[in-house]
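This report concerns only the one structure given below.
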Amino acid sequence: MTNKQVRVRYAPSPTGQLHIGGARTALFNYLFARKMGGTFILRIEDTDQTRHVEDAEAKQMEGLSWLGIKWDEGVAAGGDYGPCRQSERLAIYAEYLQQLPEKGAAYECFCTEEELAEERAAQEARGETPMYSGKCRNLTSQEKEKLRADGRKPTLRFLVPKEQIVVHEDLVRGRVEFETNGIGDFIIARPDGIPMYNFACVIDDYTMKISHVIRGEEHLSNTPRQLLLYEAFGWDKPQFAHISLILNPDRKKMSKRDESIIQFVEQYKELGYLPEAVVNFIALLGWSPKGEEELFTLAELEQEFDLKRIQKSPAIFDTEKLAWMNNTYMKQADSERITELSLPHLQRAGRLPQELDEAQRTYVKELVQLYQDRMRAASDIVGLTELFFREEVKYEAEAAEITQESHVKEVAHAFLAQVRNADDFSAESIGPLIKNVQKETGYKGKQLFMPIRVVLTGQNHGPDLNRTIHLLGRERVIRRLEQFVQSATS
């Protein structure tokens, strides 16, 4: 197969936002297409209208676009093999559904839901694997007409051949075999003619000339059914690659109700993560590069990606690694960009008005620059900068202990005098003021800087002290020093 023939797809159902697992599937397909010079297609599998969520399709597309994953064909992009929403392809499915009964590969099934439930219950009671018994396989024309006259509407079932082994050579998992006796005749169309997932998926992949199906391990059980459909039609099948499950930090299967991790791409965007960091992290969930390097741009991933390096074992969603990775990217990012990401969080917290003047915007940028190397997400700015928006100093435990040391009051009193008399309160002017306190009191190093930091911030560790004092502002600094000196005296 030449590179030009590679065609892959991401085919979500419009049932919600872009999940991290779906984003990984999309990313792996996209990277493979780019590496092989192929085509990446976005298809929407929306035949099950009962699960349809309003705006879910748009949310999927917005999530992919935010991550930088661009599709070449499909929804909103066009192409020669559309339409790319299954709900718009019903006439195509109907044409192929007619062919299988003619080939003797499918039949009408008139069993009701109640009958099927009773059959499953009886099988389970006997300790058997539930599957359809095939009792409608050999209905006569007269029996079918009678059932129709009784008001029954048939589904269409695929006739699974008995005593066969379906062999699947997976590009990730290697050779996988399935016994047809364990599958059972499966429904390929509902009574209203709407196709079921496995049938529609096969028709879509065939008519869109999909060369490789790269999808999650949870779809592995669908593979034998789809391979049997390819065989019944006499079509060449695509190559399949089933990527591993993603486990939560406790190494348990991840569910959408799992609150131990953030699972949706939109949430990361809202929290102020950088898309390049999220992409980098997702790429390493079940795939490993050749060397030890872990930081890759999307362009670098396009060159590095190789299906052979996808791991069979489950991927662990390491939240700390994602936080570290995003922090690394944030440190390197332009401060103006991080300011724009941080600003809405400060506004929602009531720290800033919705409309900022130039001085306020400059102040926010300086705050962000002060904490940018500590931020694991833009939303962190609210907690990190709390001390700049409080009237009273809130002392952390270790800091409170330091305030009891005998020399702290002396240093605070001397610094208060310096601040009151200062003509300039820029960050550059703070250093000389502190130097004057050193000369006056004789304290230096930790004994000099720690009292000032603790009294003004309530913390014994923090970013650059001079810039912190400048951003606190002269009035707030004087007020906090006065309050401390008064309380220490009383």
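Here's how to read the names in the structure tokens: chain A, B, ... by the order shown, residue numbers from 1 in each chain, ligand numbers from 1 in the order shown.
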**Prompt:** So which residues touch region 14-20 of chain A within 9 Å, counting only C-alpha atoms, skipping near sequence neighbours fewer than 2 positions away, as a PyMOL selection string?
**Reply:** chain A and resi 12+22-25+44-46+51-64+256+262-266+282
**Asked** Residues of region 145-258 of chain A in alpha helix (DSSP H) according to DSSP, as an NGL selection string?
**Response** :A and (145-149 or 197-207 or 223-233)
**Message:** Need to verify the contact set: Leu27 (chain A), 8 Å, only C-alpha atoms, exclusion of same-chain residues closer than 3 positions in sequence. Can you return it as a ChimeraX atom specification?
**Reply:** /A:23-24,30-31,69,279,283
**Message:** Report, in Å with one decimal, the straight-line distance from CA of Val75 (chain A) to CA of Tyr230 (chain A).
**Reply:** 25.2 Å
**Asked** Which neighbours of Asp236 (chain A) fall inside 10 Å, counting only C-alpha atoms, when residues of the same chain fewer than 5 positions from it are skipped, and could you give them as a ChimeraX atom specification?
**Response** /A:206,211,227,230-231
Those residues with C-alpha atoms, as an mmCIF file, in the first residue's frame please?
data_model
loop_
_atom_site.group_PDB
_atom_site.id
_atom_site.type_symbol
_atom_site.label_atom_id
_atom_site.label_comp_id
_atom_site.auth_asym_id
_atom_site.auth_seq_id
_atom_site.Cartn_x
_atom_site.Cartn_y
_atom_site.Cartn_z
ATOM 1 C CA TYR A 206 -15.805 0.736 2.472
ATOM 2 C CA SER A 211 -7.419 1.918 4.559
ATOM 3 C CA LEU A 227 -14.942 -8.753 9.244
ATOM 4 C CA TYR A 230 -16.686 -7.562 4.645
ATOM 5 C CA GLU A 231 -16.486 -11.237 3.747
#
**Request:** For region 120-130 of chain A, work out the shell of residues within 12 Å, counting only C-alpha atoms and skipping chain neighbours fewer than 6 positions away, then give it as JSON, numbers by chain.
**Result:** {"A": [113, 114, 181, 182, 183, 184, 185, 186]}
File dump, residues just selected, C-alpha atoms, as an mmCIF file, in the first residue's frame:
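Ended up saving to again12.cif:
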data_model
loop_
_atom_site.group_PDB
_atom_site.id
_atom_site.type_symbol
_atom_site.label_atom_id
_atom_site.label_comp_id
_atom_site.auth_asym_id
_atom_site.auth_seq_id
_atom_site.Cartn_x
_atom_site.Cartn_y
_atom_site.Cartn_z
ATOM 1 C CA GLU A 113 -37.936 -7.483 22.921
ATOM 2 C CA GLU A 114 -39.817 -9.491 25.542
ATOM 3 C CA ASN A 181 -20.095 -20.004 17.499
ATOM 4 C CA GLY A 182 -19.628 -17.406 20.219
ATOM 5 C CA ILE A 183 -21.007 -14.488 18.233
ATOM 6 C CA GLY A 184 -24.614 -15.266 17.334
ATOM 7 C CA ASP A 185 -26.673 -13.738 14.528
ATOM 8 C CA PHE A 186 -26.595 -9.985 15.127
#
